[in-house]
Amino acid sequence: PDERLNRMDRTLLQRLADRLVASRFLIGDPDESGEHVTFRVRAMTILVAGISNAVGALVVIFFAALVLPKPTGYDRGHALTINLILAAVYVVVAFAIGVSWGLRSIEGGRQGTVAWLSSNRPPTAVERARLVRAPVRIMFIQLILWGAATVLFSAVNLAFSPLTALGVGLTVALGGITTSTASYLAAELALRPVMRRADSRTSRTLAPLPVPTL
């Protein structure tokens with residue numbers, strides 16, 4: 001009975017996963033207007049990036065404040081207050097920079113997604129290549145922002161203790177690597193409607209192969 005229940009649970013979960021992956025909300029509709037695709041993908045990208053970075057920041061703060069060992073004579077209350085205030089300010093500033101930079105690198109310019117989506121035409125080879133590299137661009141932006149956070153928080157905590165600065169810096173760096181990787185996967189998921197539209201429009205413009213004659 002237990003094996004049957006486990007098989008039924010796995011089958012049910014597999015069906016739910018297949019429906020979720022094949023849903024039009026995630027993969028998009030090739031006949032959807034370019035403006036609507038742009039707005040939906042933009043909202044999804046900002047949402048998943050914001051959630052992944054917020055979770056990463058909370059995990060880093062929790063680990064650095066409660067789990068990381070502190071040296072003798074360490075003023076926990078004063079250091080925690082300064083780090084929390086700095087973290088709150090940095091998260092807001094980094095989120096604004098990341099959103100602006102990410103949207104400009106994906107949508108902006110002559111080869112951005114807006115250029116061919118708004119004109120309702122298939123993307124060129126260069127535009128499609130830029131779209132394929134979009135998740136990597138987002139991950140690169142996240143790594144830069146988390147790298148800057150690593151340097152900043154290490155420098156601030158150096159005033160309390162070199163050991164604390166090292167521990168906080170490593171914690172922020174590891175959290176940044178994990179969060180940037182998660183942002184890459186989330187960006188691939190959020191950009192699926194644009195990728196499907198690019199593939200469908202590109203395949204329509206491909207000329208049929210000539211039939212060889214004897």
# chains A, B, ... in the order shown; residues from 1 in each chain; ligands from 1
$ residues_around --residues "A:Arg130" --least-positions-apart "4" --cutoff "8 Å" --atoms "only C-alpha atoms" --output "list in words"
Ile106, Gln111, Gly112, Val126 and Ala134 of chain A
$ closest_atom_pairs --of "stretch 26-90 of chain A" --to "stretch 173-197 of chain A" --cutoff "12 Å" --atoms "only C-alpha atoms" --output "tab-separated table"
residue	atom	partner	partner_atom	distance
A:Leu26	CA	A:Pro193	CA	6.4
A:Ile27	CA	A:Pro193	CA	4.6
A:Gly28	CA	A:Pro193	CA	4.0
A:Asp29	CA	A:Pro193	CA	7.0
A:Pro30	CA	A:Arg197	CA	4.9
A:Asp31	CA	A:Arg197	CA	8.2
A:Glu32	CA	A:Arg197	CA	8.7
A:Ser33	CA	A:Arg197	CA	10.1
A:Gly34	CA	A:Val194	CA	9.1
A:Glu35	CA	A:Val194	CA	11.2
A:His36	CA	A:Pro193	CA	10.6
A:Val37	CA	A:Val194	CA	6.9
A:Thr38	CA	A:Val194	CA	7.9
A:Phe39	CA	A:Val194	CA	10.9
A:Arg40	CA	A:Pro193	CA	8.9
A:Val41	CA	A:Ala190	CA	6.0
A:Arg42	CA	A:Ala190	CA	8.3
A:Ala43	CA	A:Ala190	CA	8.8
A:Met44	CA	A:Ala190	CA	5.6
A:Thr45	CA	A:Ala190	CA	5.4
A:Ile46	CA	A:Ala187	CA	9.1
A:Leu47	CA	A:Ala190	CA	9.2
A:Val48	CA	A:Ala186	CA	6.0
A:Ala49	CA	A:Ser183	CA	5.7
A:Gly50	CA	A:Ser183	CA	9.0
A:Ile51	CA	A:Ser183	CA	9.2
A:Ser52	CA	A:Thr179	CA	6.2
A:Asn53	CA	A:Thr179	CA	6.1
A:Ala54	CA	A:Thr179	CA	9.2
A:Val55	CA	A:Thr179	CA	8.3
A:Gly56	CA	A:Thr179	CA	5.7
A:Ala57	CA	A:Gly175	CA	7.5
A:Leu58	CA	A:Gly175	CA	9.7
A:Val59	CA	A:Gly175	CA	7.7
A:Val60	CA	A:Gly175	CA	6.1
A:Ile61	CA	A:Gly175	CA	9.8
A:Phe62	CA	A:Gly175	CA	11.3
A:Phe63	CA	A:Gly175	CA	9.9
A:Ala64	CA	A:Gly175	CA	10.7
$ atom_distance --atom1 "atom CA of A:Phe160" --atom2 "atom CA of A:Gln142"
27.5 Å
$ residues_around --residues "A:Ser100" --least-positions-apart "4" --cutoff "12 Å" --atoms "only C-alpha atoms" --output "list in words"
Arg42, Thr45, Ile46, Val93, Ala94, Phe95, Ala96, Arg104, Ser105, Ile106, Glu107, Gly108, Ile138 and Ile141 of chain A
$ write_last_selection --atoms "all heavy atoms" --output "mmCIF file, in the first residue's frame"
data_model
loop_
_atom_site.group_PDB
_atom_site.id
_atom_site.type_symbol
_atom_site.label_atom_id
_atom_site.label_comp_id
_atom_site.auth_asym_id
_atom_site.auth_seq_id
_atom_site.Cartn_x
_atom_site.Cartn_y
_atom_site.Cartn_z
ATOM 1 N N ARG A 42 8.640 41.539 -18.386
ATOM 2 C CA ARG A 42 9.315 42.514 -17.537
ATOM 3 C C ARG A 42 8.869 42.368 -16.083
ATOM 4 O O ARG A 42 9.693 42.351 -15.171
ATOM 5 C CB ARG A 42 9.019 43.923 -18.034
ATOM 6 C CG ARG A 42 9.689 45.015 -17.216
ATOM 7 C CD ARG A 42 9.201 46.366 -17.695
ATOM 8 N NE ARG A 42 9.504 46.578 -19.099
ATOM 9 C CZ ARG A 42 8.888 47.469 -19.866
ATOM 10 N NH1 ARG A 42 7.929 48.232 -19.357
ATOM 11 N NH2 ARG A 42 9.236 47.607 -21.125
ATOM 12 N N THR A 45 10.261 39.053 -14.656
ATOM 13 C CA THR A 45 11.704 39.108 -14.407
ATOM 14 C C THR A 45 12.017 39.909 -13.143
ATOM 15 O O THR A 45 12.830 39.498 -12.309
ATOM 16 C CB THR A 45 12.428 39.726 -15.607
ATOM 17 O OG1 THR A 45 12.108 38.992 -16.792
ATOM 18 C CG2 THR A 45 13.936 39.700 -15.401
ATOM 19 N N ILE A 46 11.357 41.063 -12.998
ATOM 20 C CA ILE A 46 11.570 41.880 -11.803
ATOM 21 C C ILE A 46 11.102 41.138 -10.551
ATOM 22 O O ILE A 46 11.761 41.167 -9.506
ATOM 23 C CB ILE A 46 10.840 43.230 -11.937
ATOM 24 C CG1 ILE A 46 11.465 44.055 -13.072
ATOM 25 C CG2 ILE A 46 10.887 44.004 -10.627
ATOM 26 C CD1 ILE A 46 10.727 45.339 -13.353
ATOM 27 N N VAL A 93 18.932 50.376 -2.825
ATOM 28 C CA VAL A 93 19.742 50.981 -3.884
ATOM 29 C C VAL A 93 20.155 49.940 -4.922
ATOM 30 O O VAL A 93 20.068 50.178 -6.132
ATOM 31 C CB VAL A 93 20.991 51.658 -3.275
ATOM 32 C CG1 VAL A 93 21.914 52.174 -4.378
ATOM 33 C CG2 VAL A 93 20.583 52.805 -2.361
ATOM 34 N N ALA A 94 20.598 48.766 -4.456
ATOM 35 C CA ALA A 94 21.032 47.719 -5.381
ATOM 36 C C ALA A 94 19.866 47.207 -6.221
ATOM 37 O O ALA A 94 20.043 46.895 -7.406
ATOM 38 C CB ALA A 94 21.665 46.568 -4.601
ATOM 39 N N PHE A 95 18.675 47.124 -5.629
ATOM 40 C CA PHE A 95 17.511 46.667 -6.395
ATOM 41 C C PHE A 95 17.177 47.651 -7.506
ATOM 42 O O PHE A 95 16.900 47.253 -8.638
ATOM 43 C CB PHE A 95 16.313 46.496 -5.467
ATOM 44 C CG PHE A 95 15.071 46.012 -6.155
ATOM 45 C CD1 PHE A 95 14.942 44.693 -6.527
ATOM 46 C CD2 PHE A 95 14.031 46.894 -6.442
ATOM 47 C CE1 PHE A 95 13.803 44.238 -7.176
ATOM 48 C CE2 PHE A 95 12.893 46.461 -7.084
ATOM 49 C CZ PHE A 95 12.770 45.125 -7.452
ATOM 50 N N ALA A 96 17.215 48.949 -7.192
ATOM 51 C CA ALA A 96 16.933 49.962 -8.211
ATOM 52 C C ALA A 96 17.973 49.930 -9.328
ATOM 53 O O ALA A 96 17.640 49.986 -10.515
ATOM 54 C CB ALA A 96 16.878 51.348 -7.570
ATOM 55 N N ARG A 104 17.705 47.635 -19.190
ATOM 56 C CA ARG A 104 18.413 48.304 -20.278
ATOM 57 C C ARG A 104 19.268 47.316 -21.079
ATOM 58 O O ARG A 104 19.375 47.434 -22.302
ATOM 59 C CB ARG A 104 19.277 49.432 -19.716
ATOM 60 C CG ARG A 104 19.914 50.300 -20.797
ATOM 61 C CD ARG A 104 20.485 51.578 -20.215
ATOM 62 N NE ARG A 104 21.524 51.313 -19.228
ATOM 63 C CZ ARG A 104 21.382 51.496 -17.929
ATOM 64 N NH1 ARG A 104 20.228 51.928 -17.444
ATOM 65 N NH2 ARG A 104 22.379 51.245 -17.094
ATOM 66 N N SER A 105 19.850 46.338 -20.409
ATOM 67 C CA SER A 105 20.706 45.384 -21.114
ATOM 68 C C SER A 105 19.908 44.374 -21.926
ATOM 69 O O SER A 105 20.427 43.811 -22.888
ATOM 70 C CB SER A 105 21.589 44.634 -20.106
ATOM 71 O OG SER A 105 20.800 43.845 -19.233
ATOM 72 N N ILE A 106 18.643 44.145 -21.548
ATOM 73 C CA ILE A 106 17.821 43.164 -22.267
ATOM 74 C C ILE A 106 16.894 43.836 -23.268
ATOM 75 O O ILE A 106 16.796 43.412 -24.427
ATOM 76 C CB ILE A 106 17.000 42.334 -21.260
ATOM 77 C CG1 ILE A 106 17.929 41.539 -20.355
ATOM 78 C CG2 ILE A 106 16.048 41.393 -21.996
ATOM 79 C CD1 ILE A 106 17.213 40.822 -19.243
ATOM 80 N N GLU A 107 16.216 44.882 -22.845
ATOM 81 C CA GLU A 107 15.201 45.500 -23.687
ATOM 82 C C GLU A 107 15.725 46.671 -24.512
ATOM 83 O O GLU A 107 15.211 46.927 -25.610
ATOM 84 C CB GLU A 107 14.038 46.004 -22.827
ATOM 85 C CG GLU A 107 13.324 44.932 -22.048
ATOM 86 C CD GLU A 107 12.187 45.492 -21.219
ATOM 87 O OE1 GLU A 107 12.010 46.730 -21.201
ATOM 88 O OE2 GLU A 107 11.477 44.708 -20.592
ATOM 89 N N GLY A 108 16.701 47.394 -24.006
ATOM 90 C CA GLY A 108 17.110 48.648 -24.630
ATOM 91 C C GLY A 108 18.004 48.464 -25.838
ATOM 92 O O GLY A 108 18.532 47.386 -26.126
ATOM 93 N N ILE A 138 21.872 38.905 -16.657
ATOM 94 C CA ILE A 138 21.242 39.136 -15.359
ATOM 95 C C ILE A 138 22.104 38.562 -14.238
ATOM 96 O O ILE A 138 22.300 39.199 -13.192
ATOM 97 C CB ILE A 138 19.832 38.522 -15.340
ATOM 98 C CG1 ILE A 138 18.921 39.297 -16.307
ATOM 99 C CG2 ILE A 138 19.246 38.528 -13.929
ATOM 100 C CD1 ILE A 138 17.524 38.737 -16.416
ATOM 101 N N ILE A 141 25.078 40.852 -13.648
ATOM 102 C CA ILE A 141 24.708 42.043 -12.888
ATOM 103 C C ILE A 141 24.571 41.722 -11.404
ATOM 104 O O ILE A 141 25.034 42.472 -10.534
ATOM 105 C CB ILE A 141 23.399 42.641 -13.450
ATOM 106 C CG1 ILE A 141 23.622 43.169 -14.870
ATOM 107 C CG2 ILE A 141 22.873 43.744 -12.538
ATOM 108 C CD1 ILE A 141 22.349 43.590 -15.569
#
$ atom_distance --atom1 "atom CA of A:Ile144" --atom2 "atom CA of A:Val156"
18.4 Å
$ atom_distance --atom1 "atom CA of A:Ser161" --atom2 "atom CA of A:Leu143"
25.7 Å
$ select_by_dssp --residues "stretch 1-197 of chain A" --states "alpha helix (DSSP H)" --output "MDAnalysis selection string"
chainID A and resid 2:22 24:27 34:62 76:106 113:117 125:132 134:157 162:190 192:197
$ closest_residue --among "A:Leu80, A:Gly73, A:Glu127, A:Leu68" --to "A:Leu170" --atoms "only C-alpha atoms"
A:Leu68
$ residues_around --residues "A:Ala198" --least-positions-apart "6" --cutoff "9 Å" --atoms "only C-alpha atoms" --output "ChimeraX atom specification"
/A:30,122-123,128,131
$ write_last_selection --atoms "C-alpha atoms" --output "JSON list (two decimals), in the first residue's frame"
[["chain", "number", "residue", "atom", "x", "y", "z"],
["A", 30, "PRO", "CA", 3.07, 33.15, -30.10],
["A", 122, "PRO", "CA", 10.88, 38.17, -36.02],
["A", 123, "PRO", "CA", 14.22, 38.87, -34.37],
["A", 128, "ARG", "CA", 18.11, 36.40, -30.91],
["A", 131, "LEU", "CA", 18.07, 37.27, -26.02]]
